[in-house]
$ cat start.pdb   # PDB, C-alpha atoms, pLDDT in the B column
ATOM      1  CA  ASN C  27     -21.136 -17.517  -3.015  1.00 48.00           C
ATOM      2  CA  VAL C  28     -17.553 -18.752  -3.308  1.00 50.00           C
ATOM      3  CA  GLN C  29     -16.325 -20.737  -0.297  1.00 52.00           C
ATOM      4  CA  LEU C  30     -12.799 -21.510   0.887  1.00 53.00           C
ATOM      5  CA  THR C  31     -13.408 -25.164  -0.026  1.00 59.00           C
ATOM      6  CA  ASP C  32     -13.844 -24.058  -3.661  1.00 63.00           C
ATOM      7  CA  SER C  33     -10.154 -23.171  -3.880  1.00 61.00           C
ATOM      8  CA  GLY C  34      -8.466 -25.268  -6.563  1.00 69.00           C
ATOM      9  CA  SER C  35     -11.659 -25.835  -8.514  1.00 77.00           C
ATOM     10  CA  GLN C  36     -11.449 -25.669 -12.284  1.00 79.00           C
ATOM     11  CA  PHE C  37     -14.015 -24.074 -14.537  1.00 73.00           C
ATOM     12  CA  SER C  38     -14.406 -23.095 -18.181  1.00 78.00           C
ATOM     13  CA  CYS C  39     -16.510 -20.709 -20.217  1.00 76.00           C
ATOM     14  CA  LEU C  40     -18.936 -21.911 -22.870  1.00 80.00           C
ATOM     15  CA  VAL C  41     -19.584 -19.363 -25.631  1.00 79.00           C
ATOM     16  CA  SER C  42     -22.119 -20.070 -28.352  1.00 81.00           C
ATOM     17  CA  ASN C  43     -23.956 -18.357 -31.168  1.00 82.00           C
ATOM     18  CA  ALA C  44     -25.624 -19.250 -34.460  1.00 82.00           C
ATOM     19  CA  TYR C  45     -22.259 -20.192 -35.941  1.00 81.00           C
ATOM     20  CA  GLY C  46     -21.258 -22.715 -33.317  1.00 83.00           C
ATOM     21  CA  THR C  47     -20.089 -23.330 -29.779  1.00 83.00           C
ATOM     22  CA  LEU C  48     -16.639 -22.874 -28.250  1.00 82.00           C
ATOM     23  CA  LEU C  49     -15.356 -24.084 -24.884  1.00 82.00           C
ATOM     24  CA  SER C  50     -12.472 -22.253 -23.243  1.00 80.00           C
ATOM     25  CA  SER C  51      -9.492 -23.894 -21.599  1.00 80.00           C
ATOM     26  CA  ASN C  52      -9.784 -24.572 -17.864  1.00 80.00           C
ATOM     27  CA  ALA C  53      -9.189 -21.822 -15.309  1.00 77.00           C
ATOM     28  CA  VAL C  54      -8.196 -22.439 -11.682  1.00 72.00           C
ATOM     29  CA  LEU C  55      -9.904 -20.611  -8.836  1.00 66.00           C
ATOM     30  CA  THR C  56      -8.024 -19.784  -5.648  1.00 58.00           C
ATOM     31  CA  VAL C  57      -9.903 -18.342  -2.671  1.00 57.00           C
ATOM     32  CA  GLN C  58      -8.580 -16.096   0.060  1.00 56.00           C
ATOM     33  CA  ASN C  59      -9.334 -16.602   3.750  1.00 83.00           C
ATOM     34  CA  SER C  60      -8.643 -13.181   5.204  1.00 94.00           C
ATOM     35  CA  GLY C  61      -9.362 -11.132   8.288  1.00 97.00           C
ATOM     36  CA  VAL C  62      -8.649  -7.954  10.212  1.00 98.00           C
ATOM     37  CA  LEU C  63      -7.729  -7.191  13.823  1.00 98.00           C
ATOM     38  CA  THR C  64      -8.280  -3.639  15.111  1.00 98.00           C
ATOM     39  CA  THR C  65      -7.010  -2.123  18.356  1.00 98.00           C
ATOM     40  CA  THR C  66      -8.392   1.403  18.820  1.00 98.00           C
ATOM     41  CA  PHE C  67      -8.267   4.836  17.215  1.00 98.00           C
ATOM     42  CA  ALA C  68      -8.912   6.686  20.485  1.00 98.00           C
ATOM     43  CA  GLY C  69      -5.556   8.474  20.418  1.00 98.00           C
ATOM     44  CA  ASP C  70      -4.628  10.878  23.297  1.00 98.00           C
ATOM     45  CA  ASN C  71      -0.861  10.839  22.643  1.00 98.00           C
ATOM     46  CA  GLY C  72       1.618  10.402  19.831  1.00 98.00           C
ATOM     47  CA  TYR C  73       5.095  10.716  18.359  1.00 98.00           C
ATOM     48  CA  ALA C  74       6.880   8.809  15.575  1.00 98.00           C
ATOM     49  CA  GLY C  75       5.797   5.177  15.863  1.00 98.00           C
ATOM     50  CA  ASN C  76       4.881   2.116  17.886  1.00 98.00           C
ATOM     51  CA  MET C  77       6.201  -1.324  18.706  1.00 98.00           C
ATOM     52  CA  PHE C  78       3.981  -4.251  19.640  1.00 99.00           C
ATOM     53  CA  ASP C  79       3.918  -8.039  19.443  1.00 99.00           C
ATOM     54  CA  ILE C  80       1.759 -10.307  17.312  1.00 98.00           C
ATOM     55  CA  LEU C  81       1.115 -14.041  17.607  1.00 98.00           C
ATOM     56  CA  PRO C  82      -0.634 -16.005  14.820  1.00 98.00           C
ATOM     57  CA  LEU C  83      -2.977 -18.401  16.630  1.00 98.00           C
ATOM     58  CA  ALA C  84      -4.756 -20.824  14.307  1.00 94.00           C
ATOM     59  CA  ASN C  85      -2.673 -20.625  11.126  1.00 96.00           C
ATOM     60  CA  SER C  86       0.361 -18.939   9.654  1.00 97.00           C
ATOM     61  CA  LEU C  87      -0.456 -15.493   8.255  1.00 97.00           C
ATOM     62  CA  GLY C  88       0.645 -12.934   5.713  1.00 97.00           C
ATOM     63  CA  ILE C  89       0.088  -9.234   6.436  1.00 98.00           C
ATOM     64  CA  SER C  90      -1.421  -7.482   3.414  1.00 97.00           C
ATOM     65  CA  ALA C  91      -2.083  -4.004   4.842  1.00 98.00           C
ATOM     66  CA  LEU C  92      -2.293  -1.829   7.933  1.00 98.00           C
ATOM     67  CA  ASP C  93      -4.428   1.082   8.996  1.00 98.00           C
ATOM     68  CA  VAL C  94      -2.562   3.567  11.173  1.00 98.00           C
ATOM     69  CA  ASN C  95      -3.567   6.697  13.076  1.00 98.00           C
ATOM     70  CA  ALA C  96      -1.486   9.346  11.298  1.00 98.00           C
ATOM     71  CA  SER C  97      -1.833  13.123  11.179  1.00 98.00           C
ATOM     72  CA  PRO C  98      -2.120  15.928  10.152  1.00 98.00           C
ATOM     73  CA  THR C  99      -4.878  15.476   7.601  1.00 98.00           C
ATOM     74  CA  GLY C 100      -3.718  15.508   3.989  1.00 98.00           C
ATOM     75  CA  LEU C 101       0.023  15.333   4.650  1.00 98.00           C
ATOM     76  CA  ALA C 102       2.010  13.194   2.206  1.00 98.00           C
ATOM     77  CA  THR C 103       4.477  11.044   4.130  1.00 98.00           C
ATOM     78  CA  THR C 104       5.822   7.509   4.401  1.00 98.00           C
ATOM     79  CA  VAL C 105       5.119   4.637   6.773  1.00 98.00           C
ATOM     80  CA  THR C 106       7.826   2.036   7.355  1.00 98.00           C
ATOM     81  CA  VAL C 107       7.193  -1.354   8.949  1.00 98.00           C
ATOM     82  CA  PHE C 108       9.873  -3.559  10.523  1.00 98.00           C
ATOM     83  CA  TYR C 109       9.474  -7.000  12.068  1.00 98.00           C
ATOM     84  CA  ARG C 110      11.579  -9.341  14.169  1.00 98.00           C
ATOM     85  CA  ILE C 111      11.327 -13.005  15.110  1.00 98.00           C
ATOM     86  CA  GLY C 112      10.578 -12.997  18.832  1.00 98.00           C
ATOM     87  CA  THR C 113       9.218 -10.299  21.086  1.00 98.00           C
ATOM     88  CA  SER C 114       9.760  -6.569  20.661  1.00 98.00           C
ATOM     89  CA  PHE C 115      10.153  -6.196  24.447  1.00 98.00           C
ATOM     90  CA  GLY C 116      13.782  -5.569  25.329  1.00 98.00           C
ATOM     91  CA  HIS C 117      14.679  -4.714  21.711  1.00 98.00           C
ATOM     92  CA  GLU C 118      13.121  -1.284  21.389  1.00 98.00           C
ATOM     93  CA  THR C 119      16.376   0.682  20.994  1.00 98.00           C
ATOM     94  CA  ASN C 120      18.482  -1.917  19.189  1.00 97.00           C
ATOM     95  CA  SER C 121      18.004  -2.368  15.437  1.00 97.00           C
ATOM     96  CA  ALA C 122      19.767  -5.762  15.465  1.00 97.00           C
ATOM     97  CA  GLY C 123      17.347  -8.546  14.560  1.00 97.00           C
ATOM     98  CA  TRP C 124      14.809  -6.200  12.964  1.00 98.00           C
ATOM     99  CA  THR C 125      14.019  -6.666   9.257  1.00 98.00           C
ATOM    100  CA  LEU C 126      12.321  -4.240   6.888  1.00 98.00           C
ATOM    101  CA  LEU C 127       8.876  -5.442   5.807  1.00 98.00           C
ATOM    102  CA  ALA C 128       7.966  -2.474   3.606  1.00 98.00           C
ATOM    103  CA  THR C 129       7.979   1.302   3.194  1.00 98.00           C
ATOM    104  CA  GLN C 130       4.922   2.894   1.594  1.00 98.00           C
ATOM    105  CA  ASN C 131       3.848   6.376   0.584  1.00 98.00           C
ATOM    106  CA  VAL C 132       0.609   7.460   2.260  1.00 98.00           C
ATOM    107  CA  THR C 133      -1.563  10.509   2.697  1.00 98.00           C
ATOM    108  CA  ALA C 134      -2.464  10.987   6.353  1.00 98.00           C
ATOM    109  CA  ALA C 135      -6.193  10.794   7.026  1.00 98.00           C
ATOM    110  CA  GLY C 136      -5.882  12.719  10.296  1.00 98.00           C
ATOM    111  CA  ALA C 137      -6.095  11.927  14.001  1.00 97.00           C
ATOM    112  CA  GLY C 138      -8.694   9.318  14.869  1.00 98.00           C
ATOM    113  CA  LEU C 139      -9.102   8.149  11.271  1.00 98.00           C
ATOM    114  CA  PRO C 140      -7.533   5.141   9.520  1.00 98.00           C
ATOM    115  CA  THR C 141      -4.664   5.894   7.141  1.00 98.00           C
ATOM    116  CA  HIS C 142      -4.339   2.841   4.898  1.00 98.00           C
ATOM    117  CA  VAL C 143      -0.898   1.334   4.274  1.00 98.00           C
ATOM    118  CA  ASN C 144      -0.749  -1.221   1.461  1.00 98.00           C
ATOM    119  CA  LEU C 145       1.727  -4.019   2.268  1.00 98.00           C
ATOM    120  CA  SER C 146       0.616  -6.538  -0.351  1.00 95.00           C
ATOM    121  CA  GLY C 147       3.295  -8.577  -2.059  1.00 94.00           C
ATOM    122  CA  ASN C 148       5.854  -8.435   0.755  1.00 96.00           C
ATOM    123  CA  GLY C 149       6.147 -12.251   0.743  1.00 95.00           C
ATOM    124  CA  VAL C 150       6.689 -12.630   4.500  1.00 97.00           C
ATOM    125  CA  GLN C 151       4.912 -15.460   6.308  1.00 97.00           C
ATOM    126  CA  PHE C 152       4.301 -15.149  10.053  1.00 98.00           C
ATOM    127  CA  LEU C 153       4.261 -18.666  11.434  1.00 98.00           C
ATOM    128  CA  GLN C 154       1.557 -20.078  13.671  1.00 97.00           C
ATOM    129  CA  GLY C 155       2.601 -20.130  17.330  1.00 98.00           C
ATOM    130  CA  GLN C 156       5.626 -17.853  16.822  1.00 98.00           C
ATOM    131  CA  THR C 157       5.718 -14.423  18.480  1.00 98.00           C
ATOM    132  CA  TYR C 158       6.889 -11.519  16.327  1.00 98.00           C
ATOM    133  CA  GLY C 159       7.653  -7.916  17.116  1.00 98.00           C
ATOM    134  CA  LEU C 160       6.321  -5.235  14.772  1.00 98.00           C
ATOM    135  CA  TYR C 161       7.575  -1.664  14.547  1.00 98.00           C
ATOM    136  CA  VAL C 162       5.424   0.843  12.649  1.00 98.00           C
ATOM    137  CA  TYR C 163       7.206   4.146  12.017  1.00 98.00           C
ATOM    138  CA  VAL C 164       5.941   7.326  10.344  1.00 98.00           C
ATOM    139  CA  ASN C 165       8.367   9.776   8.765  1.00 98.00           C
ATOM    140  CA  TYR C 166       8.356  12.287  11.609  1.00 98.00           C
ATOM    141  CA  SER C 167      10.705  14.669   9.787  1.00 98.00           C
ATOM    142  CA  SER C 168       7.979  15.164   7.150  1.00 98.00           C
ATOM    143  CA  GLY C 169       5.760  16.717   9.818  1.00 98.00           C
ATOM    144  CA  ALA C 170       3.714  13.567  10.411  1.00 98.00           C
ATOM    145  CA  THR C 171       2.755  12.163  13.801  1.00 98.00           C
ATOM    146  CA  MET C 172       1.785   8.602  14.717  1.00 98.00           C
ATOM    147  CA  THR C 173      -1.102   8.955  17.147  1.00 98.00           C
ATOM    148  CA  TYR C 174      -1.383   6.299  19.844  1.00 98.00           C
ATOM    149  CA  THR C 175      -2.986   5.741  23.257  1.00 98.00           C
ATOM    150  CA  THR C 176      -1.401   5.805  26.701  1.00 98.00           C
ATOM    151  CA  GLY C 177      -1.695   2.448  28.465  1.00 98.00           C
ATOM    152  CA  SER C 178      -1.446  -1.233  27.615  1.00 98.00           C
ATOM    153  CA  ASN C 179      -3.852  -3.814  26.258  1.00 98.00           C
ATOM    154  CA  THR C 180      -4.137  -7.122  24.439  1.00 98.00           C
ATOM    155  CA  TYR C 181      -6.364  -7.627  21.399  1.00 98.00           C
ATOM    156  CA  GLN C 182      -7.172 -10.892  19.683  1.00 98.00           C
ATOM    157  CA  ASN C 183      -9.557 -12.835  17.504  1.00 98.00           C
ATOM    158  CA  ALA C 184      -9.537 -16.474  16.432  1.00 96.00           C
ATOM    159  CA  ASP C 185      -6.556 -15.902  14.110  1.00 97.00           C
ATOM    160  CA  LEU C 186      -4.285 -13.321  15.679  1.00 98.00           C
ATOM    161  CA  LYS C 187      -3.214 -11.910  19.064  1.00 98.00           C
ATOM    162  CA  LEU C 188      -1.672  -8.456  19.517  1.00 99.00           C
ATOM    163  CA  VAL C 189       0.083  -7.258  22.694  1.00 98.00           C
ATOM    164  CA  SER C 190       0.837  -3.533  22.966  1.00 98.00           C
ATOM    165  CA  ASN C 191       4.312  -2.339  23.913  1.00 98.00           C
ATOM    166  CA  CYS C 192       5.538   1.225  23.471  1.00 98.00           C
ATOM    167  CA  GLY C 193       5.609   4.467  21.553  1.00 98.00           C
ATOM    168  CA  ASN C 194       8.782   5.400  19.711  1.00 98.00           C
ATOM    169  CA  ALA C 195      10.767   8.583  19.215  1.00 98.00           C
ATOM    170  CA  ASP C 196      12.589   9.864  16.143  1.00 98.00           C
ATOM    171  CA  PRO C 197      14.942   8.739  14.638  1.00 97.00           C
ATOM    172  CA  PRO C 198      14.023   5.023  14.755  1.00 97.00           C
ATOM    173  CA  PHE C 199      15.358   2.810  17.542  1.00 98.00           C
ATOM    174  CA  THR C 200      16.042   5.701  19.914  1.00 96.00           C
ATOM    175  CA  GLY C 201      13.776   6.805  22.766  1.00 95.00           C
ATOM    176  CA  ILE C 202      10.647   4.954  23.831  1.00 97.00           C
ATOM    177  CA  PHE C 203       7.524   5.820  25.810  1.00 98.00           C
ATOM    178  CA  SER C 204       5.848   2.992  27.691  1.00 98.00           C
ATOM    179  CA  PRO C 205       3.253   1.686  27.964  1.00 98.00           C
ATOM    180  CA  ARG C 206       1.558   2.801  24.747  1.00 98.00           C
ATOM    181  CA  ILE C 207      -1.142   1.186  22.599  1.00 98.00           C
ATOM    182  CA  TRP C 208      -0.696   1.210  18.823  1.00 98.00           C
ATOM    183  CA  ASN C 209      -3.783   2.612  17.105  1.00 98.00           C
ATOM    184  CA  GLY C 210      -4.577   0.653  13.980  1.00 98.00           C
ATOM    185  CA  SER C 211      -5.739  -2.421  12.117  1.00 98.00           C
ATOM    186  CA  ILE C 212      -3.856  -5.396  10.718  1.00 98.00           C
ATOM    187  CA  TYR C 213      -5.241  -6.933   7.524  1.00 98.00           C
ATOM    188  CA  TYR C 214      -4.034 -10.478   6.993  1.00 98.00           C
ATOM    189  CA  ASN C 215      -4.380 -13.523   4.753  1.00 96.00           C
ATOM    190  CA  ILE C 216      -4.255 -17.102   5.932  1.00 94.00           C
ATOM    191  CA  ALA C 217      -1.012 -18.577   4.589  1.00 74.00           C
ATOM    192  CA  GLY C 218      -1.432 -20.787   1.544  1.00 58.00           C
ATOM    193  CA  THR C 219      -4.368 -18.835   0.164  1.00 46.00           C
ATOM    194  CA  THR C 220      -4.487 -15.910  -2.234  1.00 44.00           C
ATOM    195  CA  PRO C 221      -7.163 -13.414  -3.231  1.00 43.00           C
ATOM    196  CA  PRO C 222      -9.975 -14.835  -5.375  1.00 42.00           C
ATOM    197  CA  ALA C 223      -8.490 -14.964  -8.839  1.00 40.00           C
ATOM    198  CA  ILE C 224      -8.325 -16.803 -12.116  1.00 37.00           C
ATOM    199  CA  THR C 225      -4.776 -18.138 -12.229  1.00 40.00           C
ATOM    200  CA  SER C 226      -5.108 -19.557 -15.750  1.00 41.00           C
ATOM    201  CA  GLN C 227      -7.027 -17.368 -18.147  1.00 44.00           C
ATOM    202  CA  PRO C 228      -9.456 -19.061 -20.575  1.00 45.00           C
ATOM    203  CA  GLN C 229      -8.307 -18.798 -24.161  1.00 46.00           C
ATOM    204  CA  SER C 230      -9.689 -15.880 -26.164  1.00 45.00           C
ATOM    205  CA  GLN C 231     -12.285 -16.749 -28.790  1.00 44.00           C
ATOM    206  CA  THR C 232     -13.756 -14.687 -31.637  1.00 46.00           C
ATOM    207  CA  ILE C 233     -17.530 -14.376 -31.980  1.00 43.00           C
ATOM    208  CA  PRO C 234     -18.908 -13.282 -35.369  1.00 47.00           C
ATOM    209  CA  THR C 235     -20.801  -9.976 -35.478  1.00 46.00           C
ATOM    210  CA  GLY C 236     -24.455 -10.390 -34.690  1.00 49.00           C
ATOM    211  CA  GLY C 237     -23.971 -13.622 -32.795  1.00 48.00           C
ATOM    212  CA  GLY C 238     -25.520 -14.063 -29.396  1.00 46.00           C
ATOM    213  CA  VAL C 239     -23.494 -15.125 -26.382  1.00 44.00           C
ATOM    214  CA  THR C 240     -24.870 -17.470 -23.731  1.00 44.00           C
TER     215      THR C 240
END

$ encode --input "start.pdb" --output "structure tokens"
Amino acid sequence: NVQLTDSGSQFSCLVSNAYGTLLSSNAVLTVQNSGVLTTTFAGDNGYAGNMFDILPLANSLGISALDVNASPTGLATTVTVFYRIGTSFGHETNSAGWTLLATQNVTAAGAGLPTHVNLSGNGVQFLQGQTYGLYVYVNYSSGATMTYTTGSNTYQNADLKLVSNCGNADPPFTGIFSPRIWNGSIYYNIAGTTPPAITSQPQSQTIPTGGGVT
């Protein structure tokens, strides 16, 4: 199995048949160290979004995707994610300092089920030891609802800490409902790593018909 320590290793492909042997150019392997932090999908309440805080603990992180608790089932809508440097507390109804992370089209999976939101390629790095506010908003005017849970809680693993804040009304940065727990999962990559991939493709070679490949 590939390990994180294998990142940066070079390898090549040896192709041979009765007519000869060919060695490809080197390829570089990079290995992702990734994880996920989940709160709950228990629901019991909902409106148009949630704000909460995150704190990268061991390393800087990139957020590659979210799961959210969106309904009704099968509705095509959009999910928009904002972030700010520093806490979300005290900044719930003021858009100043908030930056767009991404807006993605989704199909709601329904209450209590994860609706996946692909955020790959956003390029934002969340620095170790720095608190950030996140705001996850569903397009309420489309008929969608962001389901969340009444109350407050803190969730964490070795990489990431999440502190719940509030539910949000529509349009964004207007009314809030507190305390509320965001229902969802954060998928993240450790900064400086990328998904397992060949970053330099071996050169193509032609094998005569009937030749075996080893």

$ resolve_selection --input "start.pdb" --expression "the PyMOL selection byres ((chain C and resi 111) around 8)" --output "list in words"
Tyr109, Arg110, Gly112, Thr113, Gly123, Trp124, Gln156, Thr157, Tyr158 and Gly159 of chain C

$ atom_distance --input "start.pdb" --atom1 "CA of Ser35 in chain C" --atom2 "CA of Asn183 in chain C"
29.2 Å

$ closest_residue --input "start.pdb" --among "C:Leu101, C:Ile202, C:Val107, C:Leu188" --to "Asn120 in chain C" --atoms "only C-alpha atoms"
C:Ile202

$ closest_residue --input "start.pdb" --among "C:Ala96, C:Leu145, C:Ala195, C:Leu186" --to "Ile216 in chain C" --atoms "only C-alpha atoms"
C:Leu186

$ closest_residue --input "start.pdb" --among "C:Thr171, C:Thr64, C:Asn179, C:Thr99" --to "Asp196 in chain C" --atoms "all atoms listed in the file"
C:Thr171

$ resolve_selection --input "start.pdb" --expression "the PyMOL selection byres ((chain C and resi 89) around 12)" --output "JSON, numbers by chain"
{"C": [60, 61, 62, 63, 80, 82, 86, 87, 88, 90, 91, 92, 93, 107, 109, 127, 128, 143, 144, 145, 146, 147, 148, 149, 150, 151, 152, 153, 160, 186, 211, 212, 213, 214, 215, 216, 217, 220]}

$ atom_distance --input "start.pdb" --atom1 "CA of Gln130 in chain C" --atom2 "CA of Tyr163 in chain C"
10.7 Å

$ closest_residue --input "start.pdb" --among "C:Ser38, C:Asn59, C:Ser97, C:Asn209" --to "Ala137 in chain C" --atoms "all atoms listed in the file"
C:Ser97

$ closest_residue --input "start.pdb" --among "C:Thr129, C:Ser114, C:Thr103, C:Thr175" --to "Gly69 in chain C" --atoms "all atoms listed in the file"
C:Thr175

$ resolve_selection --input "start.pdb" --expression "the PyMOL selection byres ((chain C and resi 191) around 8)" --output "PyMOL selection string"
chain C and resi 76-79+114-115+178+189-190+192-193+204-208
